file data30.cif (mmCIF, C-alpha atoms)
data_entry
loop_
_atom_site.group_PDB
_atom_site.id
_atom_site.type_symbol
_atom_site.label_atom_id
_atom_site.label_comp_id
_atom_site.auth_asym_id
_atom_site.auth_seq_id
_atom_site.Cartn_x
_atom_site.Cartn_y
_atom_site.Cartn_z
ATOM 1 C CA GLY A 11 -62.002 83.623 81.210
ATOM 2 C CA PHE A 12 -62.463 79.905 80.784
ATOM 3 C CA SER A 13 -63.313 78.969 84.366
ATOM 4 C CA GLN A 14 -66.712 80.705 84.375
ATOM 5 C CA ARG A 15 -67.743 79.050 81.105
ATOM 6 C CA LEU A 16 -66.472 75.629 82.238
ATOM 7 C CA PHE A 17 -68.442 76.007 85.471
ATOM 8 C CA GLU A 18 -71.559 76.754 83.431
ATOM 9 C CA LEU A 19 -70.936 73.689 81.241
ATOM 10 C CA HIS A 20 -70.023 71.383 84.148
ATOM 11 C CA ASP A 21 -73.061 69.088 83.938
ATOM 12 C CA THR A 22 -73.034 69.021 80.135
ATOM 13 C CA LEU A 23 -69.340 68.100 80.046
ATOM 14 C CA LEU A 24 -69.757 65.286 82.582
ATOM 15 C CA GLU A 25 -72.746 63.871 80.701
ATOM 16 C CA ALA A 26 -70.819 64.034 77.412
ATOM 17 C CA ALA A 27 -67.875 62.237 79.018
ATOM 18 C CA LEU A 28 -70.179 59.510 80.357
ATOM 19 C CA GLU A 29 -71.740 59.093 76.924
ATOM 20 C CA LEU A 30 -68.312 58.878 75.280
ATOM 21 C CA VAL A 31 -67.079 56.205 77.718
ATOM 22 C CA THR A 32 -70.345 54.244 77.580
ATOM 23 C CA ASP A 33 -70.610 54.286 73.796
ATOM 24 C CA CYS A 34 -66.986 53.319 73.158
ATOM 25 C CA ARG A 35 -66.852 49.768 71.794
ATOM 26 C CA CYS A 36 -63.670 48.795 73.637
ATOM 27 C CA ARG A 37 -63.848 46.400 76.586
ATOM 28 C CA ASP A 38 -61.467 47.736 79.214
ATOM 29 C CA GLY A 39 -60.618 51.242 78.051
ATOM 30 C CA CYS A 40 -58.682 52.716 75.176
ATOM 31 C CA PRO A 41 -56.992 56.006 74.268
ATOM 32 C CA ALA A 42 -60.269 57.217 72.738
ATOM 33 C CA CYS A 43 -62.335 56.921 75.938
ATOM 34 C CA VAL A 44 -60.279 56.703 79.152
ATOM 35 C CA GLY A 45 -56.649 56.739 78.078
ATOM 36 C CA PRO A 46 -54.129 53.950 77.551
ATOM 37 C CA PRO A 47 -55.488 50.587 78.784
ATOM 38 C CA GLY A 48 -53.881 49.402 81.989
ATOM 39 C CA GLU A 49 -52.288 52.788 82.692
ATOM 40 C CA ILE A 50 -54.359 53.306 85.830
ATOM 41 C CA GLY A 51 -55.493 49.752 86.466
ATOM 42 C CA PRO A 52 -57.298 46.785 84.951
ATOM 43 C CA GLU A 53 -60.811 48.170 85.490
ATOM 44 C CA THR A 54 -60.184 51.714 84.304
ATOM 45 C CA LYS A 55 -63.246 51.918 82.064
ATOM 46 C CA ALA A 56 -65.636 50.429 84.622
ATOM 47 C CA VAL A 57 -64.384 52.698 87.410
ATOM 48 C CA THR A 58 -64.540 55.743 85.136
ATOM 49 C CA ARG A 59 -68.145 54.943 84.200
ATOM 50 C CA ARG A 60 -69.133 54.514 87.863
ATOM 51 C CA LEU A 61 -67.461 57.785 88.838
ATOM 52 C CA LEU A 62 -69.124 59.687 85.996
ATOM 53 C CA LYS A 63 -72.508 58.189 86.943
ATOM 54 C CA LEU A 64 -71.993 59.430 90.500
ATOM 55 C CA LEU A 65 -70.958 62.881 89.320
ATOM 56 C CA THR A 66 -73.994 63.113 87.026
ATOM 57 C CA LYS A 67 -76.238 61.819 89.834
ATOM 58 C CA GLN A 68 -77.237 58.705 87.878
ATOM 59 C CA GLU A 69 -75.979 56.587 90.810
ATOM 60 C CA LYS A 70 -76.156 57.393 94.497
ATOM 61 C CA SER A 71 -73.302 55.369 96.006
ATOM 62 C CA PHE A 72 -69.859 54.217 94.929
ATOM 63 C CA GLU A 73 -70.079 51.154 97.167
ATOM 64 C CA THR A 74 -70.108 47.787 95.438
#
call {"tool": "encode", "arguments": {"input": "data30.cif", "output": "structure tokens"}}
result
Amino acid sequence: GFSQRLFELHDTLLEAALELVTDCRCRDGCPACVGPPGEIGPETKAVTRRLLKLLTKQEKSFET
């Protein structure tokens, strides 16, 4: 059912998520982009952006 279609849309979904997080005007994360601020940690938005960039191959390493 859904799993085949989601697999086919994998790259598109990750790129859309990265665009949503990047374009959100909040500073540290909000319910509209990464969930409640501070729920996961103080740098939730930044970490989410880095992870999505890795998953979309826009960055090569997660090291700082």
call {"tool": "residues_near_point", "arguments": {"input": "data30.cif", "point": "(-75.4, 64.0, 83.9)", "cutoff": "9 Å", "atoms": "all atoms listed in the file", "output": "list in words"}}
result
Asp21, Thr22, Leu23, Leu24, Glu25, Ala26, Leu28, Leu62, Lys63, Leu64, Leu65, Thr66, Lys67 and Gln68 of chain A
call {"tool": "atom_distance", "arguments": {"input": "data30.cif", "atom1": "atom CA of A:Gly51", "atom2": "atom CA of A:Asp33"}}
result
20.2 Å
call {"tool": "resolve_selection", "arguments": {"input": "data30.cif", "expression": "the PyMOL selection byres ((chain A and resi 59) around 10)", "output": "JSON, numbers by chain"}}
result
{"A": [27, 28, 29, 30, 31, 32, 44, 54, 55, 56, 57, 58, 60, 61, 62, 63, 64, 65]}
call {"tool": "atom_distance", "arguments": {"input": "data30.cif", "atom1": "atom CA of A:Gly39", "atom2": "atom CA of A:Glu69"}}
result
20.7 Å
call {"tool": "atom_distance", "arguments": {"input": "data30.cif", "atom1": "atom CA of A:Cys36", "atom2": "atom CA of A:Ile50"}}
result
16.0 Å
